[in-house]
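The structure appears right after this line, and notes come after that.
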Amino acid sequence: MDPKTNSIIKIEDLHKSYGQEEVLKGVSMEIAEREVVILVGPSGTGKSTLLRCINQLTTPDSGHVWVRDVELTDPKTNIDLARQHIGMVFQSFNLFNHLTALDNVMLGLIHVLKQDKEAAREKAMLELERVGLANKHMNYPGQLSGGQKQRVAIARSLAMEPVVMLFDEPTSALDPELIGEVLVVMKDLALEGMTMLCVTHEIGFARDVSTRIVFMEHGNIVEQGPPSKILNNPSLERTKQFLGKISDLH
Amino acid sequence: MEVFTTLIPYILRGLNITLGVTAIALGFGLVFGTLLAITRVYGNKTAARLISVYVSVIRSLPHVLLLLIIYFLIARIVNLSPYWAGSLSLAIISSAYQSEIVRGAILSVESGQMIAARSIGMTRNQAIRHVIIPQAIRHMIPPWSNEAAIVIKDSSLVYILGVPEIMRQAQYYSGRNPTKPFNAYLAVAVIYFMLTFLTNRGLDALEKKIRIPS
């Protein structure tokens, strides 16, 4: 197949096993520019693994991944260079604990993009403003709430000007009253046209901003389609059952 | 009066040497120990295995025995003064202990820190340098303070090589004044206590100073 397409992410027949357990059983998927794709499914079905196999934080056993026509699964690809343009947000935030919010956002600009300190600082402040936290720029992660930490983490990714943002359960570790502020930031991003792939159980968010919902189970994509179809009238009984359960929770 | 006019000045002549030996042993031991720890955590399996053998051998032998063995090994290869050869021997001994301290500190940094650093495009070396080590240093100070106390006292071991540090000076003094051996040894005891106490106080202060606000 010709990898030269206008898609941002292209995944072909991805396999990954941990010991005896096959977590990804040949997943293929394509994400076009400006798409907001929501990945749902029971825990342990390989959603997070799929995300990590995209930017090669986890090395897949076989299969191919392209981001903007660069094959990341090609051993000749400079993966550090490629990752600069793939934003990733984690369930546990993973802010650099020893740095202020501002320095968290600046670190990549300085050491990866080799910007000078002044330019990096200016850019970092802009990104913190974008997530509504310019006034917290001198705070350390330990001085921020969970929601604020996650917004700083989003700013840290955005500062690198990614072509796509990967969200790995960004609100799952948050107290219910803090989820909203993170979703607002994510929603704004989606409306600005950012290409996004999100593992989340926030069905409201999926309904409002996603272009596609992908339902995964046992290492495979079981069903996918626009949110109106998947949420209101899924083809498979299993999808309906699962979505029914998580809607009850929210 | 004689204590102040003769004994203390005589022993203090060895103080610079004690401080020098300690600084060399701790300093080189830290650099070498850090490299060992980083290689053991992030390097390939063979290197990690070799380092673990190195560490367990050194930890299993008395320091005084190691000092003699390493000293004579060094003396065969290069022509160093007993001061430098002795200090570097202590550094090699300390590096094994310090590598364990640094390794523990590195492993206590959450794994997500490395993942996040790599996800913004940092190389592994950049991540180690700018994300892992700065946090590991903070975890390291209390156990390192313990090692510093041990090395201060171990600096006295070089006296068996004839290096005139304070312990050696005290022994000379006692030899010349056999009727009062107690005074000289008491004086060095006070000096070791002061050195250890001040070092630990200094490190406590450093620990507070670089503590991450929360």
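Just so we're on the same page: first chain in the structure tokens is A, next is B, and so on; residues restart at 1 for each chain, and ligands are numbered from 1 in the order they show up.
Interface residues of chain A facing chain B, defined by any atom at most 6 Å away and using only C-alpha atoms, are Asp80, Arg83, Gln84, Asn94, His98, Val112, Gly142 and Gln143 of chain A.
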Dump N, CA and C atoms for the selected residues as a JSON list (two decimals), in the first residue's frame?
```
[["chain", "number", "residue", "atom", "x", "y", "z"],
["A", 80, "ASP", "N", 13.53, 10.43, 17.91],
["A", 80, "ASP", "CA", 13.48, 11.62, 18.76],
["A", 80, "ASP", "C", 12.96, 12.83, 17.98],
["A", 83, "ARG", "N", 9.19, 12.39, 17.41],
["A", 83, "ARG", "CA", 8.35, 12.59, 18.60],
["A", 83, "ARG", "C", 8.14, 14.05, 18.93],
["A", 84, "GLN", "N", 9.04, 14.90, 18.48],
["A", 84, "GLN", "CA", 8.87, 16.34, 18.75],
["A", 84, "GLN", "C", 7.50, 16.82, 18.29],
["A", 94, "ASN", "N", 2.53, 13.43, 34.57],
["A", 94, "ASN", "CA", 3.98, 13.34, 34.35],
["A", 94, "ASN", "C", 4.65, 14.68, 34.12],
["A", 98, "HIS", "N", 10.56, 18.73, 39.35],
["A", 98, "HIS", "CA", 11.54, 19.68, 39.89],
["A", 98, "HIS", "C", 11.48, 21.02, 39.20],
["A", 112, "VAL", "N", 15.22, 20.61, 23.03],
["A", 112, "VAL", "CA", 14.86, 19.83, 21.84],
["A", 112, "VAL", "C", 14.82, 20.74, 20.62],
["A", 142, "GLY", "N", 3.84, 20.30, 42.47],
["A", 142, "GLY", "CA", 3.30, 20.01, 43.79],
["A", 142, "GLY", "C", 2.40, 21.10, 44.35],
["A", 143, "GLN", "N", 2.41, 22.26, 43.69],
["A", 143, "GLN", "CA", 1.58, 23.37, 44.15],
["A", 143, "GLN", "C", 0.35, 23.57, 43.27]]
```
Near region 144-146 of chain B, counting only C-alpha atoms, which residues have an atom at most 9 Å away, once you skip same-chain residues fewer than 2 positions from it, shown as a list in words?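 Here the answer would be Gln98, Ile101, Val102, Met140, Ile141, Pro142, Ala148, Ala149, Ile150, Val151, Thr199, Asn200, Leu203 and Asp204 of chain B.
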Please produce an output containing N, CA and C atoms for each residue in the selection, written as a compact mmCIF listing (two decimals), in the first residue's frame.
```
# COMPACT_ATOMS: atom_id res chain seq x y z
N GLN B 98 28.70 4.56 46.46
CA GLN B 98 27.98 5.70 45.89
C GLN B 98 27.15 5.30 44.67
N ILE B 101 23.94 4.27 45.92
CA ILE B 101 23.14 5.42 46.36
C ILE B 101 22.49 6.11 45.16
N VAL B 102 23.31 6.35 44.12
CA VAL B 102 22.79 7.03 42.94
C VAL B 102 21.76 6.15 42.22
N MET B 140 18.99 11.77 46.83
CA MET B 140 20.29 11.18 47.13
C MET B 140 20.93 11.74 48.40
N ILE B 141 20.58 12.96 48.75
CA ILE B 141 21.35 13.63 49.79
C ILE B 141 21.38 12.89 51.13
N PRO B 142 20.24 12.44 51.66
CA PRO B 142 20.35 11.76 52.97
C PRO B 142 21.27 10.53 52.96
N ALA B 148 29.32 10.16 53.14
CA ALA B 148 30.33 11.21 53.39
C ALA B 148 30.93 11.01 54.78
N ALA B 149 30.08 10.70 55.76
CA ALA B 149 30.57 10.48 57.13
C ALA B 149 31.53 9.30 57.16
N ILE B 150 31.19 8.26 56.41
CA ILE B 150 32.06 7.07 56.39
C ILE B 150 33.41 7.39 55.74
N VAL B 151 33.36 8.14 54.64
CA VAL B 151 34.61 8.44 53.93
C VAL B 151 35.50 9.38 54.74
N THR B 199 29.86 18.50 58.16
CA THR B 199 29.49 18.03 56.82
C THR B 199 28.02 17.65 56.78
N ASN B 200 27.57 16.93 57.79
CA ASN B 200 26.17 16.53 57.80
C ASN B 200 25.24 17.72 57.94
N LEU B 203 25.07 19.36 54.57
CA LEU B 203 24.23 18.62 53.62
C LEU B 203 22.75 18.73 53.97
N ASP B 204 22.45 18.77 55.28
CA ASP B 204 21.05 19.01 55.68
C ASP B 204 20.56 20.34 55.13
```
Pick out each residue of region 45-231 of chain A that DSSP on the backbone tags as helix (DSSP H, G or I); I need them as a PyMOL selection string. chain A and resi 47-54+79-83+101-111+117-130+134-136+141-143+146-159+176-191+203-209+227-231
Find the residues near region 163-166 of chain B: any atom within 9 Å, counting only C-alpha atoms, skip ones fewer than 5 places away on the same chain, and give them as a ChimeraX atom specification. /B:10-19,21,82-83,86,155-156,158,171,188,191
Selection export as a PDB file, in the first residue's frame, atoms kept: C-alpha atoms:
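Result file is selection-v1.pdb:
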```pdb
ATOM      1  CA  TYR B  10      51.220  19.162  65.366  1.00  0.00           C
ATOM      2  CA  ILE B  11      48.039  17.283  64.604  1.00  0.00           C
ATOM      3  CA  LEU B  12      46.527  20.107  62.576  1.00  0.00           C
ATOM      4  CA  ARG B  13      49.459  19.802  60.203  1.00  0.00           C
ATOM      5  CA  GLY B  14      47.710  16.658  59.009  1.00  0.00           C
ATOM      6  CA  LEU B  15      44.320  18.308  58.637  1.00  0.00           C
ATOM      7  CA  ASN B  16      44.852  19.514  55.073  1.00  0.00           C
ATOM      8  CA  ILE B  17      45.786  16.012  54.097  1.00  0.00           C
ATOM      9  CA  THR B  18      42.738  14.520  55.798  1.00  0.00           C
ATOM     10  CA  LEU B  19      40.531  17.050  54.027  1.00  0.00           C
ATOM     11  CA  VAL B  21      41.999  12.671  50.924  1.00  0.00           C
ATOM     12  CA  PRO B  82      51.025   7.535  48.392  1.00  0.00           C
ATOM     13  CA  TYR B  83      48.732  10.526  48.961  1.00  0.00           C
ATOM     14  CA  GLY B  86      45.676   6.176  48.662  1.00  0.00           C
ATOM     15  CA  SER B 155      40.464   8.845  55.169  1.00  0.00           C
ATOM     16  CA  SER B 156      42.347   7.765  58.288  1.00  0.00           C
ATOM     17  CA  VAL B 158      45.758   5.999  54.355  1.00  0.00           C
ATOM     18  CA  GLN B 171      50.296   8.329  66.324  1.00  0.00           C
ATOM     19  CA  VAL B 188      41.788  13.620  66.595  1.00  0.00           C
ATOM     20  CA  ILE B 191      38.456  16.726  64.883  1.00  0.00           C
TER      21      ILE B 191
END
```
Would you pick out the contacts of Trp66 (chain A) at 12 Å or less, using only C-alpha atoms, so that residues sharing its chain but fewer than 4 positions from it are not included, and give the list as an MDAnalysis selection string? chainID A and resid 2:14 28:32 53:56 70:74 77 79 82:83 86
Would you mind exporting the chosen residues as a compact mmCIF listing (two decimals), in the first residue's frame, restricted to N, CA and C atoms?
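Full text of result_36.txt as output:
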```txt
# COMPACT_ATOMS: atom_id res chain seq x y z
N ASP A 2 0.48 2.24 -0.74
CA ASP A 2 1.27 3.47 -0.80
C ASP A 2 1.07 4.28 0.46
N PRO A 3 2.14 4.49 1.24
CA PRO A 3 1.97 5.25 2.47
C PRO A 3 1.74 6.75 2.24
N LYS A 4 2.00 7.22 1.02
CA LYS A 4 1.84 8.66 0.76
C LYS A 4 0.36 9.03 0.69
N THR A 5 -0.17 9.50 1.80
CA THR A 5 -1.56 9.90 1.81
C THR A 5 -1.65 11.24 2.48
N ASN A 6 -2.83 11.82 2.53
CA ASN A 6 -2.96 13.09 3.23
C ASN A 6 -3.32 12.90 4.70
N SER A 7 -3.19 11.67 5.16
CA SER A 7 -3.53 11.42 6.56
C SER A 7 -2.40 11.86 7.47
N ILE A 8 -2.74 12.12 8.73
CA ILE A 8 -1.72 12.48 9.73
C ILE A 8 -1.13 11.20 10.31
N ILE A 9 -2.01 10.30 10.73
CA ILE A 9 -1.53 9.04 11.28
C ILE A 9 -2.05 7.90 10.43
N LYS A 10 -1.18 6.98 10.17
CA LYS A 10 -1.61 5.77 9.47
C LYS A 10 -0.99 4.58 10.17
N ILE A 11 -1.85 3.64 10.56
CA ILE A 11 -1.39 2.46 11.29
C ILE A 11 -1.77 1.24 10.48
N GLU A 12 -0.85 0.32 10.32
CA GLU A 12 -1.12 -0.84 9.51
C GLU A 12 -0.75 -2.12 10.24
N ASP A 13 -1.74 -2.94 10.53
CA ASP A 13 -1.53 -4.30 11.04
C ASP A 13 -0.59 -4.36 12.23
N LEU A 14 -0.89 -3.57 13.24
CA LEU A 14 -0.01 -3.45 14.40
C LEU A 14 -0.26 -4.60 15.38
N SER A 28 -5.34 -1.72 12.40
CA SER A 28 -5.08 -0.78 11.31
C SER A 28 -6.04 0.39 11.47
N MET A 29 -5.54 1.57 11.11
CA MET A 29 -6.36 2.76 11.35
C MET A 29 -5.73 3.93 10.65
N GLU A 30 -6.54 4.87 10.25
CA GLU A 30 -6.00 6.06 9.61
C GLU A 30 -6.70 7.27 10.21
N ILE A 31 -5.94 8.31 10.46
CA ILE A 31 -6.55 9.51 11.02
C ILE A 31 -6.18 10.68 10.12
N ALA A 32 -7.18 11.38 9.65
CA ALA A 32 -6.95 12.49 8.73
C ALA A 32 -6.73 13.77 9.51
N CYS A 53 2.28 2.84 20.95
CA CYS A 53 2.94 2.26 19.78
C CYS A 53 3.00 3.27 18.63
N ILE A 54 2.16 4.30 18.71
CA ILE A 54 2.21 5.31 17.64
C ILE A 54 3.51 6.10 17.74
N ASN A 55 3.80 6.65 18.93
CA ASN A 55 5.06 7.42 19.02
C ASN A 55 6.23 6.55 19.48
N GLN A 56 6.03 5.25 19.46
CA GLN A 56 7.11 4.30 19.72
C GLN A 56 7.66 4.36 21.14
N VAL A 70 6.01 9.89 7.50
CA VAL A 70 7.30 9.38 7.97
C VAL A 70 7.02 8.07 8.69
N GLU A 71 7.68 7.03 8.29
CA GLU A 71 7.42 5.74 8.94
C GLU A 71 8.21 5.65 10.25
N LEU A 72 7.48 5.65 11.36
CA LEU A 72 8.15 5.62 12.67
C LEU A 72 8.64 4.22 13.01
N THR A 73 8.04 3.21 12.40
CA THR A 73 8.46 1.84 12.68
C THR A 73 9.69 1.46 11.85
N ASP A 74 10.11 2.37 10.99
CA ASP A 74 11.35 2.12 10.24
C ASP A 74 12.53 2.39 11.15
N THR A 77 14.46 5.66 10.95
CA THR A 77 13.86 6.95 11.31
C THR A 77 14.44 7.45 12.63
N ILE A 79 13.76 8.71 15.78
CA ILE A 79 12.51 8.72 16.52
C ILE A 79 12.40 9.95 17.42
N ALA A 82 11.04 12.66 15.34
CA ALA A 82 9.64 12.44 15.02
C ALA A 82 8.74 12.75 16.21
N ARG A 83 9.19 12.39 17.41
CA ARG A 83 8.35 12.59 18.60
C ARG A 83 8.14 14.05 18.93
N ILE A 86 4.71 14.95 17.94
CA ILE A 86 3.58 14.15 18.38
C ILE A 86 3.36 14.44 19.86
```
What separation in Å, quoted to one decimal, exists between CA of Phe215 (chain A) and CA of Leu51 (chain A)?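 Distance between the two atoms: 14.0 Å.
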So that I can see what lies close to His201 (chain A), please list as an NGL selection string the residues with an atom at most 8 Å from it, counting only C-alpha atoms and leaving out residues fewer than 6 positions away in the same chain. :A and (40 or 169 or 246)
What does the file look like for those residues with C-alpha atoms, as a tab-separated table (two decimals), in the first residue's frame?
```tsv
chain	number	residue	atom	x	y	z
A	40	VAL	CA	-13.13	3.63	23.85
A	169	GLU	CA	-7.09	8.93	29.63
A	246	ILE	CA	-20.11	4.04	30.78
```
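With only C-alpha atoms as the basis for measurement, B:Ala96 is the residue among B:Leu50, B:Leu65, B:Val78, B:Ala96 that approaches Gly29 (chain B) most closely.
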